[in-house]
>>> print(open('query-v1.csv').read())   # CSV, C-alpha atoms (C1' of nucleotides)
chain,number,residue,atom,x,y,z
B,19,MET,CA,29.5,-6.7,-0.4
B,20,LYS,CA,30.2,-3.0,-0.8
B,21,ILE,CA,27.5,-0.5,-0.1
B,22,TYR,CA,28.2,2.1,-2.7
B,23,ARG,CA,25.6,4.7,-2.2
B,24,PRO,CA,22.9,6.0,0.1
B,25,SER,CA,19.5,4.6,-0.5
B,26,ARG,CA,17.7,7.9,-0.7
B,27,ALA,CA,19.6,9.1,-3.7
B,28,PRO,CA,17.3,9.0,-6.7
B,29,CYS,CA,18.6,5.7,-8.2
B,30,PRO,CA,16.9,4.1,-11.1
B,31,ILE,CA,15.4,1.3,-8.9
B,32,GLY,CA,14.0,3.9,-6.6
B,33,ARG,CA,12.3,5.7,-9.4
B,34,SER,CA,11.1,2.6,-11.0
B,35,ALA,CA,9.7,1.4,-7.7
B,36,ARG,CA,7.6,4.5,-7.4
B,37,ILE,CA,5.7,3.5,-10.5
B,38,LEU,CA,6.0,-0.3,-10.6
B,39,GLY,CA,5.8,-0.9,-6.8
B,40,ASP,CA,2.0,-1.4,-7.0
B,41,ARG,CA,0.1,-4.6,-7.6
B,42,TRP,CA,-2.6,-3.0,-9.8
B,43,VAL,CA,-0.1,-1.2,-11.9
B,44,LEU,CA,1.8,-4.4,-12.7
B,45,LEU,CA,-1.5,-6.2,-13.6
B,46,ILE,CA,-2.7,-3.4,-15.7
B,47,LEU,CA,0.5,-3.3,-17.6
B,48,ARG,CA,0.4,-7.1,-18.1
B,49,GLU,CA,-3.1,-6.7,-19.5
B,50,ALA,CA,-1.9,-3.9,-21.7
B,51,PHE,CA,0.8,-6.1,-23.1
B,52,LEU,CA,-1.8,-8.8,-23.8
B,53,GLY,CA,-3.7,-6.2,-25.9
B,54,VAL,CA,-6.3,-4.9,-23.5
B,55,ASP,CA,-6.9,-1.2,-24.1
B,56,ARG,CA,-10.3,-0.3,-22.9
B,57,PHE,CA,-11.5,0.8,-19.5
B,58,GLU,CA,-14.3,-1.7,-19.2
B,59,GLN,CA,-12.1,-4.5,-20.3
B,60,PHE,CA,-9.6,-3.8,-17.5
B,61,ILE,CA,-12.5,-3.8,-15.0
B,62,GLU,CA,-13.8,-7.1,-16.2
B,63,ARG,CA,-10.5,-8.9,-16.4
B,64,LEU,CA,-8.9,-7.7,-13.3
B,65,GLU,CA,-12.0,-7.2,-11.2
B,66,ILE,CA,-10.5,-3.9,-10.1
B,67,ASN,CA,-12.6,-1.2,-8.6
B,68,ARG,CA,-13.5,1.6,-11.0
B,69,ALA,CA,-12.0,4.4,-8.9
B,70,ALA,CA,-8.8,2.3,-8.3
B,71,LEU,CA,-8.5,1.7,-12.1
B,72,THR,CA,-9.0,5.4,-12.8
B,73,SER,CA,-6.3,6.4,-10.3
B,74,ARG,CA,-3.8,3.8,-11.7
B,75,LEU,CA,-4.5,4.8,-15.3
B,76,THR,CA,-3.9,8.4,-14.3
B,77,ILE,CA,-0.6,7.5,-12.7
B,78,LEU,CA,0.4,5.5,-15.7
B,79,GLN,CA,-0.4,8.4,-18.0
B,80,GLU,CA,1.4,10.9,-15.8
B,81,SER,CA,4.4,8.6,-15.8
B,82,GLY,CA,4.2,8.4,-19.6
B,83,LEU,CA,3.8,4.6,-19.7
B,84,ILE,CA,0.4,4.7,-21.3
B,85,GLU,CA,-1.5,7.2,-23.4
B,86,ARG,CA,-5.2,7.8,-23.4
B,87,VAL,CA,-6.4,7.9,-27.0
B,88,PRO,CA,-9.6,9.9,-27.0
B,89,PRO,CA,-12.8,8.2,-28.2
B,90,GLN,CA,-12.9,8.2,-32.0
B,91,GLY,CA,-16.3,6.6,-32.3
B,92,ARG,CA,-17.3,5.6,-28.8
B,93,LYS,CA,-14.5,4.1,-26.9
B,94,ALA,CA,-11.4,5.7,-25.4
B,95,ARG,CA,-8.3,3.5,-25.6
B,96,TYR,CA,-5.3,3.2,-23.3
B,97,VAL,CA,-2.2,2.2,-25.2
B,98,LEU,CA,1.3,1.6,-24.2
B,99,THR,CA,3.8,4.4,-25.1
B,100,GLU,CA,7.3,3.7,-26.1
B,101,ARG,CA,8.3,4.0,-22.5
B,102,GLY,CA,5.7,1.5,-21.5
B,103,THR,CA,6.6,-0.9,-24.2
B,104,ALA,CA,10.2,-0.7,-23.1
B,105,LEU,CA,9.1,-2.6,-20.0
B,106,GLN,CA,8.8,-5.8,-22.0
B,107,PRO,CA,12.2,-7.2,-21.0
B,108,LEU,CA,11.4,-6.5,-17.4
B,109,PHE,CA,8.1,-8.3,-17.6
B,110,ALA,CA,9.8,-11.1,-19.4
B,111,GLU,CA,12.2,-11.4,-16.5
B,112,MET,CA,9.3,-11.2,-14.0
B,113,SER,CA,7.5,-14.0,-15.9
B,114,LYS,CA,10.6,-16.1,-15.9
B,115,TRP,CA,11.3,-15.6,-12.2
B,116,GLY,CA,7.7,-16.3,-11.3
B,117,SER,CA,7.7,-19.5,-13.4
B,118,ASP,CA,11.0,-20.7,-12.0
B,119,HIS,CA,10.4,-19.8,-8.4
B,120,LEU,CA,6.7,-19.5,-7.5
B,121,PHE,CA,5.3,-22.8,-8.9
B,122,ASP,CA,7.2,-25.1,-6.6
B,123,LYS,CA,4.8,-28.1,-6.1
B,124,THR,CA,6.6,-29.2,-2.9
B,125,GLU,CA,5.5,-26.1,-1.0
B,126,PRO,CA,2.1,-25.8,0.8
B,127,ALA,CA,-0.4,-24.4,-1.7
B,128,LYS,CA,-1.2,-20.7,-1.4
B,129,ASP,CA,-4.3,-18.9,-2.4
B,130,TRP,CA,-3.1,-16.8,-5.4
B,131,SER,CA,-6.8,-16.3,-6.5
E,4,MET,CA,-3.1,-8.6,-30.6
E,5,LYS,CA,-4.6,-11.9,-29.4
E,6,ILE,CA,-5.7,-12.1,-25.8
E,7,TYR,CA,-4.9,-15.7,-25.0
E,8,ARG,CA,-6.0,-16.2,-21.5
E,9,PRO,CA,-8.1,-14.8,-18.6
E,10,SER,CA,-6.3,-12.5,-16.3
E,11,ARG,CA,-7.3,-14.3,-13.2
E,12,ALA,CA,-5.6,-17.5,-14.0
E,13,PRO,CA,-2.5,-17.8,-11.8
E,14,CYS,CA,0.1,-16.6,-14.2
E,15,PRO,CA,3.7,-16.0,-13.2
E,16,ILE,CA,3.3,-12.2,-13.5
E,17,GLY,CA,0.3,-12.3,-11.3
E,18,ARG,CA,2.1,-14.3,-8.7
E,19,SER,CA,5.2,-12.2,-8.9
E,20,ALA,CA,3.1,-9.1,-8.6
E,21,ARG,CA,1.7,-10.3,-5.3
E,22,ILE,CA,5.1,-10.1,-3.8
E,23,LEU,CA,6.9,-7.5,-5.9
E,24,GLY,CA,4.0,-5.1,-6.4
E,25,ASP,CA,4.9,-3.1,-3.3
E,26,ARG,CA,7.2,-0.1,-3.1
E,27,TRP,CA,8.8,-1.1,0.2
E,28,VAL,CA,9.4,-4.6,-0.9
E,29,LEU,CA,11.3,-3.5,-3.9
E,30,LEU,CA,13.4,-1.0,-1.9
E,31,ILE,CA,14.1,-3.6,0.8
E,32,LEU,CA,15.3,-6.0,-1.9
E,33,ARG,CA,17.4,-3.4,-3.5
E,34,GLU,CA,19.1,-2.7,-0.1
E,35,ALA,CA,19.5,-6.4,0.4
E,36,PHE,CA,21.3,-6.7,-2.9
E,37,LEU,CA,23.5,-3.8,-1.8
E,38,GLY,CA,24.5,-5.8,1.2
E,39,VAL,CA,22.2,-4.5,3.9
E,40,ASP,CA,21.1,-7.3,6.2
E,41,ARG,CA,20.1,-5.8,9.6
E,42,PHE,CA,16.8,-4.4,10.8
E,43,GLU,CA,18.1,-1.1,12.0
E,44,GLN,CA,20.1,-0.6,8.8
E,45,PHE,CA,17.0,-0.9,6.7
E,46,ILE,CA,15.2,1.6,9.0
E,47,GLU,CA,18.0,4.1,8.7
E,48,ARG,CA,18.6,3.8,5.0
E,49,LEU,CA,14.9,3.7,3.8
E,50,GLU,CA,13.4,5.8,6.6
E,51,ILE,CA,10.7,3.2,6.8
E,52,ASN,CA,8.4,2.8,9.7
E,53,ARG,CA,9.3,0.0,12.0
E,54,ALA,CA,6.0,-1.8,11.9
E,55,ALA,CA,6.0,-1.4,8.1
E,56,LEU,CA,9.5,-3.0,7.9
E,57,THR,CA,8.5,-5.8,10.2
E,58,SER,CA,5.5,-6.6,8.0
E,59,ARG,CA,7.5,-6.5,4.8
E,60,LEU,CA,10.2,-8.7,6.2
E,61,THR,CA,7.6,-11.2,7.3
E,62,ILE,CA,6.1,-11.2,3.8
E,63,LEU,CA,9.5,-11.7,2.3
E,64,GLN,CA,10.3,-14.5,4.6
E,65,GLU,CA,7.0,-16.2,4.0
E,66,SER,CA,7.6,-15.9,0.3
E,67,GLY,CA,11.0,-17.4,0.7
E,68,LEU,CA,12.9,-14.5,-0.7
E,69,ILE,CA,14.8,-13.7,2.5
E,70,GLU,CA,15.8,-15.7,5.5
E,71,ARG,CA,16.1,-14.5,9.0
E,72,VAL,CA,19.3,-15.7,10.5
E,73,PRO,CA,18.9,-15.7,14.3
E,74,PRO,CA,21.3,-13.5,16.3
E,75,GLN,CA,24.6,-15.3,16.8
E,76,GLY,CA,26.1,-12.7,19.0
E,77,ARG,CA,23.7,-9.8,19.0
E,78,LYS,CA,22.2,-9.1,15.7
E,79,ALA,CA,19.7,-10.9,13.6
E,80,ARG,CA,20.4,-10.9,9.9
E,81,TYR,CA,18.1,-10.9,6.9
E,82,VAL,CA,19.8,-12.5,4.0
E,83,LEU,CA,18.6,-13.2,0.5
E,84,THR,CA,17.7,-16.8,-0.3
E,85,GLU,CA,18.4,-18.5,-3.6
E,86,ARG,CA,14.9,-17.4,-4.7
E,87,GLY,CA,15.6,-13.9,-3.7
E,88,THR,CA,19.0,-13.8,-5.3
E,89,ALA,CA,17.4,-15.1,-8.5
E,90,LEU,CA,15.7,-11.7,-8.8
E,91,GLN,CA,19.0,-10.1,-9.8
E,92,PRO,CA,18.3,-10.1,-13.6
E,93,LEU,CA,14.9,-8.6,-12.9
E,94,PHE,CA,16.5,-5.8,-10.8
E,95,ALA,CA,19.1,-5.3,-13.5
E,96,GLU,CA,16.3,-4.8,-16.0
E,97,MET,CA,14.5,-2.5,-13.7
E,98,SER,CA,17.6,-0.5,-13.2
E,99,LYS,CA,18.2,-0.3,-16.9
E,100,TRP,CA,14.6,0.7,-17.7
E,101,GLY,CA,14.7,3.4,-15.0
E,102,SER,CA,18.0,4.7,-16.2
E,103,ASP,CA,16.8,4.8,-19.8
E,104,HIS,CA,13.4,6.2,-19.3
E,105,LEU,CA,13.0,8.0,-16.0
E,106,PHE,CA,15.9,10.5,-16.2
E,107,ASP,CA,14.8,12.4,-19.2
E,108,LYS,CA,16.0,16.0,-18.5
E,109,THR,CA,13.5,17.5,-20.9
E,110,GLU,CA,10.6,16.7,-18.7
E,111,PRO,CA,9.3,18.8,-15.8
E,112,ALA,CA,11.2,17.8,-12.7
E,113,LYS,CA,9.4,15.5,-10.3
E,114,ASP,CA,9.9,15.1,-6.6
E,115,TRP,CA,11.4,11.6,-6.3
E,116,SER,CA,12.7,12.4,-2.8
S,29,DT,C1',27.4,-8.2,39.3
S,30,DC,C1',24.8,-4.5,37.9
S,31,DC,C1',24.3,-0.7,34.5
S,32,DT,C1',23.8,0.9,30.1
S,33,DA,C1',23.3,0.9,25.2
S,34,DT,C1',21.5,-1.2,21.4
S,35,DA,C1',18.9,-4.3,18.3
S,36,DA,C1',14.7,-5.8,17.2
S,37,DG,C1',10.6,-5.6,17.6
S,38,DT,C1',5.3,-4.3,19.5
S,39,DC,C1',1.5,-1.1,20.6
S,40,DT,C1',-1.5,3.1,20.2
S,41,DG,C1',-3.8,6.6,18.3
S,42,DT,C1',-4.4,9.1,14.1
S,43,DT,C1',-4.4,10.0,9.2
S,44,DT,C1',-4.5,8.0,4.4
S,45,DT,C1',-5.8,5.0,1.3
S,46,DA,C1',-8.7,1.3,-0.7
S,47,DC,C1',-12.8,-0.5,-1.8
S,48,DA,C1',-17.8,-1.8,-2.9
S,49,DG,C1',-21.3,-0.1,-5.0
S,50,DA,C1',-24.4,3.6,-6.3
S,51,DC,C1',-24.7,7.4,-9.1
S,52,DC,C1',-23.7,10.5,-13.2
S,53,DT,C1',-22.8,12.0,-18.1
S,54,DA,C1',-21.9,12.0,-23.0
S,55,DT,C1',-22.6,9.7,-27.1
S,56,DA,C1',-23.8,6.2,-30.6
S,57,DT,C1',-27.4,3.6,-32.2
S,58,DG,C1',-32.2,2.0,-33.2
K,23,DC,C1',-36.3,10.7,-29.2
K,24,DA,C1',-35.3,6.6,-26.1
K,25,DT,C1',-32.0,3.5,-24.6
K,26,DA,C1',-27.7,1.2,-23.8
K,27,DT,C1',-23.1,1.5,-23.0
K,28,DA,C1',-18.4,3.4,-21.9
K,29,DG,C1',-16.1,5.9,-18.9
K,30,DG,C1',-16.0,7.8,-15.3
K,31,DT,C1',-17.3,10.3,-10.1
K,32,DC,C1',-19.2,10.2,-5.3
K,33,DT,C1',-20.0,8.3,-0.7
K,34,DG,C1',-19.6,5.8,3.2
K,35,DT,C1',-16.9,2.2,5.4
K,36,DA,C1',-13.0,-0.9,6.1
K,37,DA,C1',-8.3,-1.6,5.9
K,38,DA,C1',-3.6,0.0,6.0
K,39,DA,C1',0.2,3.3,6.9
K,40,DC,C1',2.5,6.1,9.8
K,41,DA,C1',4.8,8.6,13.8
K,42,DG,C1',6.4,7.9,17.8
K,43,DA,C1',6.3,5.8,22.4
K,44,DC,C1',7.0,1.5,24.7
K,45,DT,C1',9.1,-3.4,25.5
K,46,DT,C1',12.4,-7.1,25.7
K,47,DA,C1',16.7,-9.5,25.4
K,48,DT,C1',21.4,-9.4,25.3
K,49,DA,C1',26.3,-7.8,25.0
K,50,DG,C1',29.8,-5.3,26.9
K,51,DG,C1',31.7,-2.3,30.3
K,52,DA,C1',32.3,-0.3,35.2
>>> encode(input="query-v1.csv", output="structure tokens")
Amino acid sequence: MKIYRPSRAPCPIGRSARILGDRWVLLILREAFLGVDRFEQFIERLEINRAALTSRLTILQESGLIERVPPQGRKARYVLTERGTALQPLFAEMSKWGSDHLFDKTEPAKDWS
Amino acid sequence: MKIYRPSRAPCPIGRSARILGDRWVLLILREAFLGVDRFEQFIERLEINRAALTSRLTILQESGLIERVPPQGRKARYVLTERGTALQPLFAEMSKWGSDHLFDKTEPAKDWS
DNA sequence: TCCTATAAGTCTGTTTTACAGACCTATATG
DNA sequence: CATATAGGTCTGTAAAACAGACTTATAGGA
């Protein structure tokens, strides 16, 4: 196979990896796709540390994947932007790959918690 | 939008995220798709710390995405398994998403290095 | 055969980051 | 006005990352 360019060049995978190469970011986005949009809801569902959630939400906002809708009434909301929503095909592929390759019953069970 | 299941259930995204939710893992896999298969080559191209590479290669082997082919001659090789190769559509989506959404010239430049 | 270079790691000490859990603040509601 | 809640911030500790030196095995050359 031909190696066609140096890895340090800012390729799309490299840029994507900066944002998506984080376990919490992926899980937060999954929840967002499921309709979760409030801070406390992410906390409960993911059992993520508050500071960790804050930092991930900040990253996601700075990257333009989610938008913080200021509290009208009492609750701020975090909603996917167009750029975030555009990740749907990628998550679909991830889901498919996970289903097809990480649920093999013949393998020793792992603690996925 | 309906929230149809608790986030802690072992869903395919959650399982995938365990493996793929890591910057180095994504970059190592990208290189692997480009044909890189030797330890030193990953080091050079990614400028990754040796210990960090070792730990990621171990994870990738344990997860069954790559296989360590023992040195015949002098060099061990790390090659994608079927499970690893099956990530190609996901990487294609990631590349597409990155290209479409992370190269917007109208935004302030970021240091992607 | 011995010498050297190289691949593929391992080890050490230091800096960064993550985390649990307590604390804080603004606001909506009774 | 008092209280509860959402959405954070702060602090101390534990884990992980990193640079860079060290180690080991082997292939190939003198």
>>> closest_atom_pairs(input="query-v1.csv", of="chain E", to="chain K", cutoff="8 Å", atoms="only C-alpha atoms (C1' of nucleotides)", output="CSV")
residue,atom,partner,partner_atom,distance
E:Asn52,CA,K:DC40,C1',6.8
E:Ala55,CA,K:DA39,C1',7.6
E:Gly76,CA,K:DA49,C1',7.7
E:Arg77,CA,K:DT48,C1',6.7
>>> interface_residues(input="query-v1.csv", of="chain S", to="chain E", cutoff="9 Å", atoms="only C-alpha atoms (C1' of nucleotides)", output="PyMOL selection string")
chain S and resi 35-38
>>> interface_residues(input="query-v1.csv", of="chain B", to="chain E", cutoff="9 Å", atoms="all atoms listed in the file", output="ChimeraX atom specification")
/B:19-45,48-49,51-54,63-65,81,101,104-105,107-121,130-131
>>> atom_distance(input="query-v1.csv", atom1="CA of Leu47 (chain B)", atom2="CA of Leu98 (chain B)")
8.3 Å
